[in-house]
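Beneath this line is the structure, given in structure tokens, with notes to follow.
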Amino acid sequence: MNLANSIWVKAVKNVKKRSCELFNPQDAVKEVLAKGVSNHSAMLKAIGEPTEAGLKVFLRSKELTIFAASWTPQMNLMPHNHLMWANIGIYTGREDNILWEQSDDKLKAKDVRCLFAGDVATLNTSAIHSVTNPLQRFTGGLHIYGGDFFATVRSQWDPETLKEEPSNGDVIREIFKKANEQMLRMKND
């Protein structure tokens with residue numbers, strides 16, 4: 001059984017176990033994710049050591065998207081939203097998040113979350129965040145979204161002007177591709 005199926009089966013069992021209670025599906029998935037990333041060596045063995053920026057997709061459906069995101073050393077991703085809940089579990093490295101709030105058509109920094117290996121962050125459907133890998137090595141995280149991450153049209157904000165721009169899964173994949181190209185250029189210089 002592959003990693004995505006294992007996580008999905010455990011999450012479904014967790015949901016069924018709680019079916020008589022009032023619960024939040026994001027919380028049920030978070031429990032399984034937290035257990036998974038708490039064992040760093042098992043997660044690295046299952047997913048592999050990150051060696052380039054990218055998104056390794058394990059499951060994609062209308063209800064759920066699961067992928068491993070790998071960040072190059074010191075990679076940054078501008079403020080963006082998902083328009084669906086998200087759980088992010090770090091299995092190697094570190095991910096720093098700035099949480100933003102939008103008011104009067106402006107973005108303002110609201111909070112900061114530093115995630116280390118074994119940490120899990122939850123983002124609600126209205127969350128806007130930017131991400132940085134502050135380390136000189138790769139960071140890897142397992143990302144689980146309550147919807148189709150790649151088909152959802154959403155927004156990102158220019159990192160200098162904070163002007164809102166359209167975004168989607170293809171735009172994000174292109175950012176990761178450019179991060180790999182930049183890392184390769186730096187190695188060759």
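Chain labels run A, B, ... following the order of the structure tokens; each chain numbers its residues from 1, and ligands are numbered from 1 in the order shown.
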
I'd like the contact shell of range 79-81 of chain A - 6 Å cut-off, only C-alpha atoms, skipping same-chain residues fewer than 6 positions apart - returned as an MDAnalysis selection string. chainID A and resid 127:130 155:157

Do a neighbour search on range 121-123 of chain A at 6 Å with only C-alpha atoms, toss out local chain neighbours closer than 5 positions, and write the hits as a ChimeraX atom specification. /A:85-88

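Closest to Gly93 in chain A among A:Ala53, A:Met75, A:Leu135, A:Leu64 is A:Leu135, based on only C-alpha atoms.
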
Listing only residues of range 80-188 of chain A within 10 Å of range 31-34 of chain A, what is the closest atom pair and its distance in Å (to one decimal) for each, using only C-alpha atoms, sorted by chain and residue number ascending, as JSON lines?
{"residue": "A:Asn87", "atom": "CA", "partner": "A:Leu33", "partner_atom": "CA", "distance": 7.9}
{"residue": "A:Ile88", "atom": "CA", "partner": "A:Leu33", "partner_atom": "CA", "distance": 8.2}
{"residue": "A:Gly89", "atom": "CA", "partner": "A:Leu33", "partner_atom": "CA", "distance": 6.5}
{"residue": "A:Ile90", "atom": "CA", "partner": "A:Ala34", "partner_atom": "CA", "distance": 9.2}
{"residue": "A:Tyr91", "atom": "CA", "partner": "A:Ala34", "partner_atom": "CA", "distance": 9.8}
{"residue": "A:Gly118", "atom": "CA", "partner": "A:Ala34", "partner_atom": "CA", "distance": 7.0}
{"residue": "A:Asp119", "atom": "CA", "partner": "A:Ala34", "partner_atom": "CA", "distance": 7.1}
{"residue": "A:Val120", "atom": "CA", "partner": "A:Ala34", "partner_atom": "CA", "distance": 6.0}
{"residue": "A:Ala121", "atom": "CA", "partner": "A:Ala34", "partner_atom": "CA", "distance": 9.4}
{"residue": "A:Leu142", "atom": "CA", "partner": "A:Leu33", "partner_atom": "CA", "distance": 8.0}
{"residue": "A:His143", "atom": "CA", "partner": "A:Leu33", "partner_atom": "CA", "distance": 9.0}
{"residue": "A:Ile144", "atom": "CA", "partner": "A:Leu33", "partner_atom": "CA", "distance": 8.4}

Now that the selection is made, can you save its residues with N, CA and C atoms as a short mmCIF file (atom, residue, chain, number, x, y, z; two decimals), in the first residue's frame?
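Output below, filename selection-v8.cif:
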data_model
loop_
_atom_site.label_atom_id
_atom_site.label_comp_id
_atom_site.auth_asym_id
_atom_site.auth_seq_id
_atom_site.Cartn_x
_atom_site.Cartn_y
_atom_site.Cartn_z
N ASN A 87 -3.56 21.16 5.91
CA ASN A 87 -2.70 20.69 7.00
C ASN A 87 -1.32 20.47 6.40
N ILE A 88 -0.30 21.00 7.07
CA ILE A 88 1.08 20.89 6.58
C ILE A 88 1.91 20.25 7.69
N GLY A 89 2.52 19.12 7.38
CA GLY A 89 3.37 18.42 8.34
C GLY A 89 4.79 18.36 7.81
N ILE A 90 5.75 18.87 8.59
CA ILE A 90 7.15 18.89 8.15
C ILE A 90 7.82 17.59 8.59
N TYR A 91 8.47 16.91 7.63
CA TYR A 91 9.16 15.67 7.96
C TYR A 91 10.68 15.80 7.90
N GLY A 118 8.41 17.30 12.37
CA GLY A 118 7.47 16.76 13.34
C GLY A 118 6.31 17.68 13.65
N ASP A 119 6.41 18.96 13.25
CA ASP A 119 5.33 19.92 13.50
C ASP A 119 4.27 19.86 12.42
N VAL A 120 3.03 20.16 12.81
CA VAL A 120 1.91 20.23 11.87
C VAL A 120 1.21 21.58 12.06
N ALA A 121 0.93 22.24 10.95
CA ALA A 121 0.18 23.50 10.98
C ALA A 121 -1.15 23.29 10.28
N LEU A 142 4.68 17.24 4.11
CA LEU A 142 3.51 16.57 3.55
C LEU A 142 2.35 17.53 3.68
N HIS A 143 1.71 17.87 2.55
CA HIS A 143 0.62 18.84 2.50
C HIS A 143 -0.67 18.11 2.17
N ILE A 144 -1.71 18.36 2.96
CA ILE A 144 -3.01 17.74 2.72
C ILE A 144 -4.05 18.85 2.68
#

Backbone-only DSSP, strand (DSSP E or B) members of range 56-96 of chain A, as a ChimeraX atom specification: /A:56-60,65-71,76-81,86-92,94-96

Residues from last step as file, N, CA, C and O atoms, as a CSV table (one decimal), in the first residue's frame:
chain,number,residue,atom,x,y,z
A,56,LYS,N,5.4,16.3,-5.2
A,56,LYS,CA,5.2,14.8,-5.5
A,56,LYS,C,3.8,14.5,-5.0
A,56,LYS,O,3.5,14.4,-3.9
A,57,VAL,N,2.9,14.4,-6.0
A,57,VAL,CA,1.5,14.2,-5.8
A,57,VAL,C,1.2,12.7,-5.5
A,57,VAL,O,1.5,11.8,-6.3
A,58,PHE,N,0.5,12.4,-4.3
A,58,PHE,CA,0.1,11.1,-4.0
A,58,PHE,C,-1.3,10.8,-4.2
A,58,PHE,O,-1.7,9.7,-4.5
A,59,LEU,N,-2.2,11.9,-4.0
A,59,LEU,CA,-3.6,11.7,-4.2
A,59,LEU,C,-4.2,13.1,-4.7
A,59,LEU,O,-3.8,14.1,-4.1
A,60,ARG,N,-5.0,13.0,-5.6
A,60,ARG,CA,-5.7,14.2,-6.1
A,60,ARG,C,-7.2,13.8,-6.4
A,60,ARG,O,-7.4,13.0,-7.3
A,65,THR,N,-6.4,16.5,-1.6
A,65,THR,CA,-5.2,16.5,-2.4
A,65,THR,C,-4.1,16.2,-1.3
A,65,THR,O,-4.0,16.9,-0.3
A,66,ILE,N,-3.2,15.3,-1.6
A,66,ILE,CA,-2.0,15.0,-0.8
A,66,ILE,C,-0.8,15.0,-1.6
A,66,ILE,O,-0.7,14.3,-2.6
A,67,PHE,N,0.2,15.8,-1.2
A,67,PHE,CA,1.5,15.8,-1.9
A,67,PHE,C,2.6,16.2,-0.9
A,67,PHE,O,2.4,16.8,0.1
A,68,ALA,N,3.8,15.7,-1.3
A,68,ALA,CA,5.0,16.1,-0.6
A,68,ALA,C,5.6,17.3,-1.3
A,68,ALA,O,5.8,17.3,-2.5
A,69,ALA,N,5.8,18.4,-0.6
A,69,ALA,CA,6.4,19.6,-1.2
A,69,ALA,C,7.9,19.6,-0.7
A,69,ALA,O,8.2,19.5,0.5
A,70,SER,N,8.8,19.8,-1.6
A,70,SER,CA,10.2,20.0,-1.3
A,70,SER,C,10.7,21.4,-1.7
A,70,SER,O,10.4,21.9,-2.8
A,71,TRP,N,11.3,22.0,-0.7
A,71,TRP,CA,11.8,23.4,-0.8
A,71,TRP,C,13.3,23.4,-1.0
A,71,TRP,O,14.0,22.8,-0.2
A,76,ASN,N,11.7,30.8,-1.2
A,76,ASN,CA,10.6,31.6,-0.7
A,76,ASN,C,9.4,31.5,-1.6
A,76,ASN,O,9.5,31.4,-2.9
A,77,LEU,N,8.2,31.5,-1.1
A,77,LEU,CA,7.0,31.5,-1.8
A,77,LEU,C,6.1,32.7,-1.4
A,77,LEU,O,5.9,32.8,-0.2
A,78,MET,N,5.7,33.5,-2.3
A,78,MET,CA,5.0,34.8,-2.0
A,78,MET,C,3.7,34.5,-1.2
A,78,MET,O,3.2,33.3,-1.2
A,79,PRO,N,3.1,35.5,-0.6
A,79,PRO,CA,1.8,35.3,0.0
A,79,PRO,C,0.8,34.7,-1.0
A,79,PRO,O,0.8,35.1,-2.2
A,80,HIS,N,0.0,33.7,-0.5
A,80,HIS,CA,-1.0,33.1,-1.4
A,80,HIS,C,-2.0,32.5,-0.5
A,80,HIS,O,-1.9,32.3,0.7
A,81,ASN,N,-3.2,32.2,-1.1
A,81,ASN,CA,-4.3,31.5,-0.4
A,81,ASN,C,-4.5,30.2,-1.0
A,81,ASN,O,-4.0,29.9,-2.1
A,86,ALA,N,-6.1,23.4,4.9
A,86,ALA,CA,-4.8,22.8,4.7
A,86,ALA,C,-4.2,22.3,6.0
A,86,ALA,O,-4.3,23.0,7.0
A,87,ASN,N,-3.6,21.2,5.9
A,87,ASN,CA,-2.7,20.7,7.0
A,87,ASN,C,-1.3,20.5,6.4
A,87,ASN,O,-1.2,19.8,5.4
A,88,ILE,N,-0.3,21.0,7.1
A,88,ILE,CA,1.1,20.9,6.6
A,88,ILE,C,1.9,20.3,7.7
A,88,ILE,O,2.0,20.8,8.8
A,89,GLY,N,2.5,19.1,7.4
A,89,GLY,CA,3.4,18.4,8.3
A,89,GLY,C,4.8,18.4,7.8
A,89,GLY,O,5.0,17.9,6.7
A,90,ILE,N,5.7,18.9,8.6
A,90,ILE,CA,7.1,18.9,8.2
A,90,ILE,C,7.8,17.6,8.6
A,90,ILE,O,7.8,17.2,9.8
A,91,TYR,N,8.5,16.9,7.6
A,91,TYR,CA,9.2,15.7,8.0
A,91,TYR,C,10.7,15.8,7.9
A,91,TYR,O,11.4,14.9,8.4
A,92,THR,N,11.2,16.9,7.3
A,92,THR,CA,12.6,17.2,7.4
A,92,THR,C,12.8,18.7,7.1
A,92,THR,O,12.1,19.3,6.3
A,94,ARG,N,12.9,22.8,7.9
A,94,ARG,CA,12.1,23.8,8.6
A,94,ARG,C,11.3,24.7,7.5
A,94,ARG,O,11.9,24.9,6.5
A,95,GLU,N,10.2,25.1,7.9
A,95,GLU,CA,9.4,26.0,7.1
A,95,GLU,C,8.8,27.1,7.9
A,95,GLU,O,8.2,26.9,8.9
A,96,ASP,N,9.2,28.4,7.5
A,96,ASP,CA,8.7,29.5,8.3
A,96,ASP,C,7.5,30.1,7.5
A,96,ASP,O,7.6,30.4,6.3

Looking only at the backbone, which of the residues in chain A does DSSP tag as helix (DSSP H, G or I), as a PyMOL selection string? chain A and resi 3-17+25-38+40-47+169-188

Polymer residues at most 9 Å from Met183 in chain A, only C-alpha atoms, same-chain spacing of 4 or more positions, as a list in words: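 Surrounding residues, per the criterion: Glu52, Thr72, Pro73, Lys178, Ala179, Lys187 and Asn188 of chain A.
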
Residues of the last selection are to be written out with N, CA, C and O atoms, as a PDB file, in the first residue's frame.
ATOM      1  N   GLU A  52      15.361  18.214  -4.843  1.00  0.00           N
ATOM      2  CA  GLU A  52      15.007  19.337  -5.703  1.00  0.00           C
ATOM      3  C   GLU A  52      13.656  19.874  -5.273  1.00  0.00           C
ATOM      4  O   GLU A  52      12.904  19.191  -4.581  1.00  0.00           O
ATOM      5  N   THR A  72      13.853  24.114  -1.952  1.00  0.00           N
ATOM      6  CA  THR A  72      15.296  24.265  -2.054  1.00  0.00           C
ATOM      7  C   THR A  72      15.792  25.093  -0.867  1.00  0.00           C
ATOM      8  O   THR A  72      15.004  25.786  -0.214  1.00  0.00           O
ATOM      9  N   PRO A  73      17.097  25.050  -0.597  1.00  0.00           N
ATOM     10  CA  PRO A  73      17.632  25.911   0.463  1.00  0.00           C
ATOM     11  C   PRO A  73      17.256  27.372   0.220  1.00  0.00           C
ATOM     12  O   PRO A  73      17.383  27.882  -0.891  1.00  0.00           O
ATOM     13  N   LYS A 178      11.255  27.014 -11.393  1.00  0.00           N
ATOM     14  CA  LYS A 178      12.210  28.133 -11.434  1.00  0.00           C
ATOM     15  C   LYS A 178      13.183  28.064 -10.255  1.00  0.00           C
ATOM     16  O   LYS A 178      14.352  28.431 -10.391  1.00  0.00           O
ATOM     17  N   ALA A 179      12.718  27.610  -9.098  1.00  0.00           N
ATOM     18  CA  ALA A 179      13.606  27.470  -7.934  1.00  0.00           C
ATOM     19  C   ALA A 179      14.701  26.451  -8.230  1.00  0.00           C
ATOM     20  O   ALA A 179      15.862  26.654  -7.858  1.00  0.00           O
ATOM     21  N   LYS A 187      24.864  26.685  -8.433  1.00  0.00           N
ATOM     22  CA  LYS A 187      25.879  25.632  -8.332  1.00  0.00           C
ATOM     23  C   LYS A 187      26.932  25.771  -9.413  1.00  0.00           C
ATOM     24  O   LYS A 187      28.101  25.465  -9.196  1.00  0.00           O
ATOM     25  N   ASN A 188      26.500  26.211 -10.606  1.00  0.00           N
ATOM     26  CA  ASN A 188      27.421  26.329 -11.744  1.00  0.00           C
ATOM     27  C   ASN A 188      28.257  27.596 -11.721  1.00  0.00           C
ATOM     28  O   ASN A 188      29.214  27.716 -12.474  1.00  0.00           O
TER      29      ASN A 188
END

Among listed residues A:Leu107, A:Leu83, A:Val131, A:Cys114, nearest Val153 in chain A (using only C-alpha atoms): A:Leu83

Figure out the distance between CA of Gln102 in chain A and CA of Val29 in chain A, please, to one decimal in Å. 27.5 Å

Could you please determine the separation between CA of Trp100 in chain A and CA of Asn168 in chain A in Å, to one decimal place?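 If I compute the distance from CA of Trp100 in chain A to CA of Asn168 in chain A, I get 18.7 Å.
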
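Here CA of Gly147 in chain A stands at a distance of 23.7 Å from CA of Thr132 in chain A.
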